[in-house]
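Novice: Got a structure for you, target-v9.cif, holding mmCIF, C-alpha atoms.
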data_entry
loop_
_atom_site.group_PDB
_atom_site.id
_atom_site.type_symbol
_atom_site.label_atom_id
_atom_site.label_comp_id
_atom_site.auth_asym_id
_atom_site.auth_seq_id
_atom_site.Cartn_x
_atom_site.Cartn_y
_atom_site.Cartn_z
ATOM 1 C CA MET A 1 114.275 101.256 58.035
ATOM 2 C CA GLY A 2 113.099 100.268 61.500
ATOM 3 C CA SER A 3 109.545 101.360 60.782
ATOM 4 C CA VAL A 4 108.132 98.618 63.023
ATOM 5 C CA VAL A 5 110.361 99.770 65.867
ATOM 6 C CA ASP A 6 109.347 103.377 65.207
ATOM 7 C CA ALA A 7 105.682 102.391 65.324
ATOM 8 C CA ALA A 8 106.245 100.521 68.594
ATOM 9 C CA ASN A 9 108.068 103.508 70.053
ATOM 10 C CA LYS A 10 105.304 105.831 68.947
ATOM 11 C CA GLU A 11 102.751 103.591 70.612
ATOM 12 C CA ALA A 12 104.809 103.469 73.807
ATOM 13 C CA SER A 13 105.138 107.247 73.925
ATOM 14 C CA ALA A 14 101.418 107.646 73.279
ATOM 15 C CA LYS A 15 100.762 105.637 76.411
ATOM 16 C CA LYS A 16 103.167 107.580 78.593
ATOM 17 C CA PRO A 17 101.669 108.138 82.017
ATOM 18 C CA THR A 18 101.076 111.560 83.524
ATOM 19 C CA VAL A 19 103.669 112.184 86.230
ATOM 20 C CA ILE A 20 103.658 114.980 88.787
ATOM 21 C CA PHE A 21 106.661 115.467 91.053
ATOM 22 C CA VAL A 22 105.716 116.482 94.600
ATOM 23 C CA LEU A 23 108.431 118.383 96.454
ATOM 24 C CA GLY A 24 108.527 120.109 99.814
ATOM 25 C CA GLY A 25 110.748 120.166 102.868
ATOM 26 C CA PRO A 26 110.282 117.901 105.892
ATOM 27 C CA GLY A 27 107.039 118.818 107.643
ATOM 28 C CA SER A 28 105.612 120.721 104.661
ATOM 29 C CA GLY A 29 102.532 118.473 104.768
ATOM 30 C CA LYS A 30 103.002 116.990 101.307
ATOM 31 C CA GLY A 31 102.151 113.445 102.462
ATOM 32 C CA THR A 32 98.751 114.560 103.770
ATOM 33 C CA GLN A 33 98.028 116.532 100.601
ATOM 34 C CA CYS A 34 99.058 113.585 98.397
ATOM 35 C CA ALA A 35 96.471 111.437 100.180
ATOM 36 C CA TYR A 36 93.811 114.081 99.393
ATOM 37 C CA ILE A 37 94.859 114.267 95.728
ATOM 38 C CA VAL A 38 94.631 110.475 95.427
ATOM 39 C CA GLU A 39 91.142 110.535 96.950
ATOM 40 C CA HIS A 40 89.789 113.451 94.897
ATOM 41 C CA PHE A 41 91.605 113.166 91.570
ATOM 42 C CA GLY A 42 92.367 109.445 91.199
ATOM 43 C CA TYR A 43 96.148 109.643 91.088
ATOM 44 C CA THR A 44 98.416 106.860 92.370
ATOM 45 C CA HIS A 45 100.841 108.057 95.055
ATOM 46 C CA LEU A 46 104.395 106.719 94.781
ATOM 47 C CA SER A 47 106.912 107.583 97.465
ATOM 48 C CA ALA A 48 110.539 106.939 96.540
ATOM 49 C CA GLY A 49 111.389 106.317 100.223
ATOM 50 C CA ASP A 50 108.541 103.813 100.664
ATOM 51 C CA LEU A 51 109.592 101.906 97.538
ATOM 52 C CA LEU A 52 113.182 101.677 98.788
ATOM 53 C CA ARG A 53 111.990 100.488 102.210
ATOM 54 C CA ALA A 54 109.680 97.892 100.611
ATOM 55 C CA GLU A 55 112.541 96.614 98.464
ATOM 56 C CA ILE A 56 114.761 96.226 101.560
ATOM 57 C CA LYS A 57 111.951 94.370 103.356
ATOM 58 C CA SER A 58 111.498 91.999 100.416
ATOM 59 C CA GLY A 59 114.959 90.589 101.122
ATOM 60 C CA SER A 60 115.907 90.663 97.432
ATOM 61 C CA GLU A 61 119.508 91.018 96.305
ATOM 62 C CA ASN A 62 118.704 94.571 95.261
ATOM 63 C CA GLY A 63 117.157 95.214 98.693
ATOM 64 C CA THR A 64 120.255 93.974 100.504
ATOM 65 C CA MET A 65 122.446 96.257 98.381
ATOM 66 C CA ILE A 66 120.194 99.245 99.168
ATOM 67 C CA GLN A 67 120.238 98.416 102.886
ATOM 68 C CA ASN A 68 124.040 98.200 102.947
ATOM 69 C CA MET A 69 124.381 101.529 101.167
ATOM 70 C CA ILE A 70 122.018 103.246 103.608
ATOM 71 C CA LYS A 71 123.890 101.654 106.564
ATOM 72 C CA GLU A 72 127.162 103.039 105.225
ATOM 73 C CA GLY A 73 125.572 106.470 104.854
ATOM 74 C CA LYS A 74 125.866 106.361 101.070
ATOM 75 C CA ILE A 75 123.254 107.795 98.745
ATOM 76 C CA VAL A 76 121.374 105.128 96.798
ATOM 77 C CA PRO A 77 122.215 105.592 93.081
ATOM 78 C CA SER A 78 119.540 107.370 91.039
ATOM 79 C CA GLU A 79 119.199 104.384 88.706
ATOM 80 C CA VAL A 80 118.155 102.095 91.570
ATOM 81 C CA THR A 81 115.387 104.430 92.757
ATOM 82 C CA ILE A 82 114.282 105.173 89.183
ATOM 83 C CA LYS A 83 114.051 101.473 88.300
ATOM 84 C CA LEU A 84 111.810 100.943 91.351
ATOM 85 C CA LEU A 85 109.632 103.911 90.348
ATOM 86 C CA GLN A 86 109.477 102.706 86.754
ATOM 87 C CA LYS A 87 108.499 99.185 87.829
ATOM 88 C CA ALA A 88 105.786 100.573 90.133
ATOM 89 C CA ILE A 89 104.409 102.721 87.276
ATOM 90 C CA GLU A 90 104.449 99.839 84.795
ATOM 91 C CA GLU A 91 102.840 97.362 87.181
ATOM 92 C CA ASN A 92 100.074 99.746 88.191
ATOM 93 C CA GLY A 93 96.952 99.949 86.054
ATOM 94 C CA ASN A 94 96.670 103.707 86.545
ATOM 95 C CA ASP A 95 98.033 106.279 84.092
ATOM 96 C CA LYS A 96 98.555 109.227 86.467
ATOM 97 C CA PHE A 97 101.056 109.325 89.283
ATOM 98 C CA LEU A 98 102.261 111.574 92.070
ATOM 99 C CA ILE A 99 105.945 110.951 92.719
ATOM 100 C CA ASP A 100 106.664 112.152 96.210
ATOM 101 C CA GLY A 101 110.094 113.172 97.541
ATOM 102 C CA PHE A 102 111.826 112.656 94.208
ATOM 103 C CA PRO A 103 113.882 113.946 92.420
ATOM 104 C CA ARG A 104 115.936 114.907 95.453
ATOM 105 C CA ASN A 105 118.611 116.584 93.377
ATOM 106 C CA GLU A 106 119.525 117.675 89.875
ATOM 107 C CA GLU A 107 121.240 114.348 89.091
ATOM 108 C CA ASN A 108 118.055 112.426 90.076
ATOM 109 C CA ARG A 109 116.025 114.662 87.809
ATOM 110 C CA ALA A 110 118.233 114.291 84.742
ATOM 111 C CA ALA A 111 118.520 110.517 85.236
ATOM 112 C CA PHE A 112 114.738 110.097 85.638
ATOM 113 C CA GLU A 113 113.976 111.882 82.362
ATOM 114 C CA LYS A 114 116.758 110.002 80.558
ATOM 115 C CA VAL A 115 115.830 106.521 81.824
ATOM 116 C CA THR A 116 112.028 106.785 81.683
ATOM 117 C CA GLU A 117 111.757 109.370 78.878
ATOM 118 C CA ILE A 118 108.971 110.894 80.956
ATOM 119 C CA GLU A 119 108.921 114.591 81.685
ATOM 120 C CA PRO A 120 106.634 115.622 84.538
ATOM 121 C CA LYS A 121 103.449 117.478 83.659
ATOM 122 C CA PHE A 122 104.304 119.858 86.475
ATOM 123 C CA VAL A 123 105.996 120.040 89.865
ATOM 124 C CA LEU A 124 103.851 120.603 92.929
ATOM 125 C CA PHE A 125 106.050 122.501 95.383
ATOM 126 C CA PHE A 126 104.863 122.852 98.976
ATOM 127 C CA ASP A 127 106.571 126.018 100.101
ATOM 128 C CA CYS A 128 106.656 126.252 103.883
ATOM 129 C CA PRO A 129 108.804 128.487 106.140
ATOM 130 C CA GLU A 130 111.419 126.663 108.201
ATOM 131 C CA GLU A 131 109.912 127.850 111.535
ATOM 132 C CA GLU A 132 106.537 126.343 110.625
ATOM 133 C CA MET A 133 108.089 123.025 109.561
ATOM 134 C CA GLU A 134 110.057 122.876 112.809
ATOM 135 C CA ARG A 135 106.905 123.566 114.825
ATOM 136 C CA ARG A 136 105.019 120.799 113.028
ATOM 137 C CA LEU A 137 107.772 118.211 113.201
ATOM 138 C CA LEU A 138 108.458 118.790 116.883
ATOM 139 C CA GLY A 139 104.723 118.726 117.617
ATOM 140 C CA ARG A 140 103.774 115.619 115.689
ATOM 141 C CA ASN A 141 105.869 113.224 117.783
ATOM 142 C CA GLN A 142 105.422 110.179 115.555
ATOM 143 C CA GLY A 143 108.152 108.404 117.418
ATOM 144 C CA ARG A 144 110.666 109.220 114.688
ATOM 145 C CA GLU A 145 114.116 109.634 116.144
ATOM 146 C CA ASP A 146 115.016 111.975 113.295
ATOM 147 C CA ASP A 147 112.535 114.570 114.572
ATOM 148 C CA ASN A 148 114.790 116.496 116.952
ATOM 149 C CA ILE A 149 115.683 120.127 116.335
ATOM 150 C CA GLU A 150 119.288 119.633 115.103
ATOM 151 C CA THR A 151 118.290 116.861 112.721
ATOM 152 C CA ILE A 152 115.291 118.836 111.491
ATOM 153 C CA ARG A 153 117.504 121.826 110.672
ATOM 154 C CA LYS A 154 120.002 119.585 108.930
ATOM 155 C CA ARG A 155 117.246 117.907 106.878
ATOM 156 C CA PHE A 156 115.856 121.303 105.936
ATOM 157 C CA LYS A 157 119.299 122.555 104.861
ATOM 158 C CA VAL A 158 119.862 119.412 102.758
ATOM 159 C CA PHE A 159 116.427 119.865 101.181
ATOM 160 C CA LEU A 160 117.177 123.473 100.257
ATOM 161 C CA GLU A 161 120.635 122.772 98.877
ATOM 162 C CA SER A 162 119.712 119.723 96.821
ATOM 163 C CA SER A 163 116.083 120.260 95.800
ATOM 164 C CA LEU A 164 116.067 123.977 95.015
ATOM 165 C CA PRO A 165 118.089 123.549 91.786
ATOM 166 C CA VAL A 166 115.435 121.023 90.640
ATOM 167 C CA ILE A 167 112.654 123.504 91.411
ATOM 168 C CA GLN A 168 114.553 126.280 89.616
ATOM 169 C CA TYR A 169 115.066 124.053 86.550
ATOM 170 C CA TYR A 170 111.317 123.388 86.232
ATOM 171 C CA GLU A 171 110.473 126.977 87.146
ATOM 172 C CA ALA A 172 112.406 128.108 84.071
ATOM 173 C CA LYS A 173 110.151 125.791 82.024
ATOM 174 C CA GLY A 174 107.018 127.236 83.638
ATOM 175 C CA LYS A 175 106.252 123.904 85.281
ATOM 176 C CA VAL A 176 106.255 124.742 88.993
ATOM 177 C CA ARG A 177 102.970 125.109 90.870
ATOM 178 C CA LYS A 178 103.892 126.677 94.200
ATOM 179 C CA ILE A 179 101.548 125.991 97.114
ATOM 180 C CA HIS A 180 101.700 128.130 100.276
ATOM 181 C CA ALA A 181 101.879 125.275 102.742
ATOM 182 C CA ALA A 182 101.981 127.153 106.069
ATOM 183 C CA LYS A 183 98.178 127.443 106.167
ATOM 184 C CA PRO A 184 95.771 124.921 107.757
ATOM 185 C CA ILE A 185 95.385 121.598 105.886
ATOM 186 C CA GLU A 186 91.967 122.419 104.404
ATOM 187 C CA ASP A 187 93.124 125.821 103.116
ATOM 188 C CA VAL A 188 96.206 124.270 101.564
ATOM 189 C CA PHE A 189 94.039 121.681 99.813
ATOM 190 C CA GLN A 190 91.815 124.411 98.352
ATOM 191 C CA GLU A 191 94.940 125.786 96.696
ATOM 192 C CA VAL A 192 95.957 122.297 95.530
ATOM 193 C CA LYS A 193 92.461 121.668 94.136
ATOM 194 C CA ALA A 194 92.699 124.813 92.033
ATOM 195 C CA VAL A 195 95.872 123.460 90.416
ATOM 196 C CA PHE A 196 94.303 120.091 89.613
ATOM 197 C CA SER A 197 90.910 121.256 88.416
ATOM 198 C CA PRO A 198 90.399 121.143 84.628
ATOM 199 C CA GLU A 199 89.658 124.894 84.610
ATOM 200 C CA ALA A 200 93.157 125.639 85.875
ATOM 201 C CA GLU A 201 94.670 123.459 83.157
ATOM 202 C CA LYS A 202 92.634 125.202 80.446
ATOM 203 C CA VAL A 203 93.923 128.572 81.612
ATOM 204 C CA GLU A 204 97.545 127.348 81.487
ATOM 205 C CA ALA A 205 97.149 125.795 78.032
#
Output the structure of this file as structure tokens.

Specialist:
Amino acid sequence: MGSVVDAANKEASAKKPTVIFVLGGPGSGKGTQCAYIVEHFGYTHLSAGDLLRAEIKSGSENGTMIQNMIKEGKIVPSEVTIKLLQKAIEENGNDKFLIDGFPRNEENRAAFEKVTEIEPKFVLFFDCPEEEMERRLLGRNQGREDDNIETIRKRFKVFLESSLPVIQYYEAKGKVRKIHAAKPIEDVFQEVKAVFSPEAEKVEA
């Protein structure tokens, strides 16, 4: 019974894309490193925040709902973000993706795996001391009003409280690749490169 459906499901799962979650606190330099990974290893970089902002800009009904929730200080439901990520993955011709700044919490993580049936290949965690992140964020002055010291500390605290359980969950599965992100950009990328090179994967397998 349902052998055609089973065959279709099998085919769908065979084509599942490679997904890597990229996590790190504000100012950990993950955006810069993602750009390098895209350039050197041919991944597509998807940022949950960028997708939400693009959806708001599009003026769609969904976008208006997202905008209202953000205005009211509510957290956008996991399903909304996941649907945007899923759509971006499906519409892109590539089969390997870096998902940046997501999952933000344990609920995001569970919902992503349930909805997409995709489990990440691994989690790239940019581990950076709070003092270093503060120094970088205060020094970069990108005209972001959320880059003052109180807000930075609050963002860091939120990151630790919500994202650490996600990192611990994948750590228990042996899926976390921790990068020491306090070093200069080039040094950090050398460490990242080692994780992505085929040799490193052979050793892990």

Novice: Please identify all polymer residues within 9 Å of Cys34 of chain A, counting only C-alpha atoms, omitting same-chain residues fewer than 6 positions from it, and present them as a ChimeraX atom specification.

Specialist: /A:22,43,45,98,100

Novice: Excluding Phe156 of chain A and residues on its chain fewer than 2 positions from it, collect all residues at most 10 Å away from it, counting only C-alpha atoms, and give them as a list of chain:residue names.

Specialist: A:Gly24, A:Gly25, A:Pro26, A:Gly27, A:Glu130, A:Met133, A:Glu134, A:Glu150, A:Thr151, A:Ile152, A:Arg153, A:Lys154, A:Val158, A:Phe159, A:Leu160, A:Glu161

Novice: Write out as a PyMOL selection string the residues lying within 9 Å of Lys96 of chain A, counting all atoms listed in the file and excluding same-chain residues fewer than 2 positions away.

Specialist: chain A and resi 17-20+42-45+89+94+98

Novice: For a quick check of understanding, using all atoms listed in the file, which of A:Ile82, A:Lys71, A:Phe189, A:Val115 has the smallest distance to Leu46 of chain A?

Specialist: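 For Leu46 of chain A, the nearest of the given residues is A:Ile82.
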
Novice: For the provided coordinates, the residues matched by the PyMOL selection byres ((chain A and resi 47-60) around 7) should be stated as a VMD selection string.

Specialist: chain A and resid 45 to 46 61 to 64 66 to 67 81 84 to 85 99 to 102

Novice: So that I have them on file, write out the residues from the current selection with C-alpha atoms, as a compact mmCIF listing (two decimals), in the coordinates of the input.

Specialist:
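Everything below was put into result.txt:
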# COMPACT_ATOMS: atom_id res chain seq x y z
CA HIS A 45 100.84 108.06 95.06
CA LEU A 46 104.40 106.72 94.78
CA GLU A 61 119.51 91.02 96.30
CA ASN A 62 118.70 94.57 95.26
CA GLY A 63 117.16 95.21 98.69
CA THR A 64 120.26 93.97 100.50
CA ILE A 66 120.19 99.24 99.17
CA GLN A 67 120.24 98.42 102.89
CA THR A 81 115.39 104.43 92.76
CA LEU A 84 111.81 100.94 91.35
CA LEU A 85 109.63 103.91 90.35
CA ILE A 99 105.94 110.95 92.72
CA ASP A 100 106.66 112.15 96.21
CA GLY A 101 110.09 113.17 97.54
CA PHE A 102 111.83 112.66 94.21

Novice: To one decimal place in Å, what is the distance between atom CA of Pro165 of chain A and atom CA of Met65 of chain A?

Specialist: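 Value for the atom CA of Pro165 of chain A-atom CA of Met65 of chain A distance: 28.4 Å.
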
Novice: Excluding same-chain residues fewer than 3 positions from Leu164 of chain A, what lies within 12 Å of it counting all atoms listed in the file, as a list in words?

Specialist: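 The residues satisfying every condition are Leu23, Gly24, Gly25, Pro103, Arg104, Asn105, Glu106, Arg109, Val123, Phe125, Phe126, Asp127, Phe156, Lys157, Val158, Phe159, Leu160, Glu161, Ile167, Gln168, Tyr169, Tyr170, Glu171 and Val176 of chain A.
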
Novice: Between atom CA of Asn148 of chain A and atom CA of Glu131 of chain A, what is the distance in Å, rounded to a tenth?

Specialist: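 Between atom CA of Asn148 of chain A and atom CA of Glu131 of chain A the gap is 13.5 Å.
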
Novice: Name every residue that the PyMOL selection byres ((chain A and resi 191) around 12) selects in this structure, writing the answer as a PDB file with C-alpha atoms, keeping the file's coordinate frame with chains first and numbers rising.

Specialist:
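Result written to expr20.pdb:
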ATOM      1  CA  GLN A  33      98.028 116.532 100.601  1.00  0.00           C
ATOM      2  CA  ILE A  37      94.859 114.267  95.728  1.00  0.00           C
ATOM      3  CA  LEU A 124     103.851 120.603  92.929  1.00  0.00           C
ATOM      4  CA  PHE A 125     106.050 122.501  95.383  1.00  0.00           C
ATOM      5  CA  PHE A 126     104.863 122.852  98.976  1.00  0.00           C
ATOM      6  CA  ARG A 177     102.970 125.109  90.870  1.00  0.00           C
ATOM      7  CA  LYS A 178     103.892 126.677  94.200  1.00  0.00           C
ATOM      8  CA  ILE A 179     101.548 125.991  97.114  1.00  0.00           C
ATOM      9  CA  HIS A 180     101.700 128.130 100.276  1.00  0.00           C
ATOM     10  CA  ALA A 181     101.879 125.275 102.742  1.00  0.00           C
ATOM     11  CA  ALA A 182     101.981 127.153 106.069  1.00  0.00           C
ATOM     12  CA  LYS A 183      98.178 127.443 106.167  1.00  0.00           C
ATOM     13  CA  PRO A 184      95.771 124.921 107.757  1.00  0.00           C
ATOM     14  CA  ILE A 185      95.385 121.598 105.886  1.00  0.00           C
ATOM     15  CA  GLU A 186      91.967 122.419 104.404  1.00  0.00           C
ATOM     16  CA  ASP A 187      93.124 125.821 103.116  1.00  0.00           C
ATOM     17  CA  VAL A 188      96.206 124.270 101.564  1.00  0.00           C
ATOM     18  CA  PHE A 189      94.039 121.681  99.813  1.00  0.00           C
ATOM     19  CA  GLN A 190      91.815 124.411  98.352  1.00  0.00           C
ATOM     20  CA  VAL A 192      95.957 122.297  95.530  1.00  0.00           C
ATOM     21  CA  LYS A 193      92.461 121.668  94.136  1.00  0.00           C
ATOM     22  CA  ALA A 194      92.699 124.813  92.033  1.00  0.00           C
ATOM     23  CA  VAL A 195      95.872 123.460  90.416  1.00  0.00           C
ATOM     24  CA  PHE A 196      94.303 120.091  89.613  1.00  0.00           C
ATOM     25  CA  SER A 197      90.910 121.256  88.416  1.00  0.00           C
ATOM     26  CA  ALA A 200      93.157 125.639  85.875  1.00  0.00           C
TER      27      ALA A 200
END

Novice: Please report the interatomic distance between atom CA of Ile75 of chain A and atom CA of Lys87 of chain A in Å with one decimal.

Specialist: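 Going from atom CA of Ile75 of chain A over to atom CA of Lys87 of chain A covers 20.3 Å.
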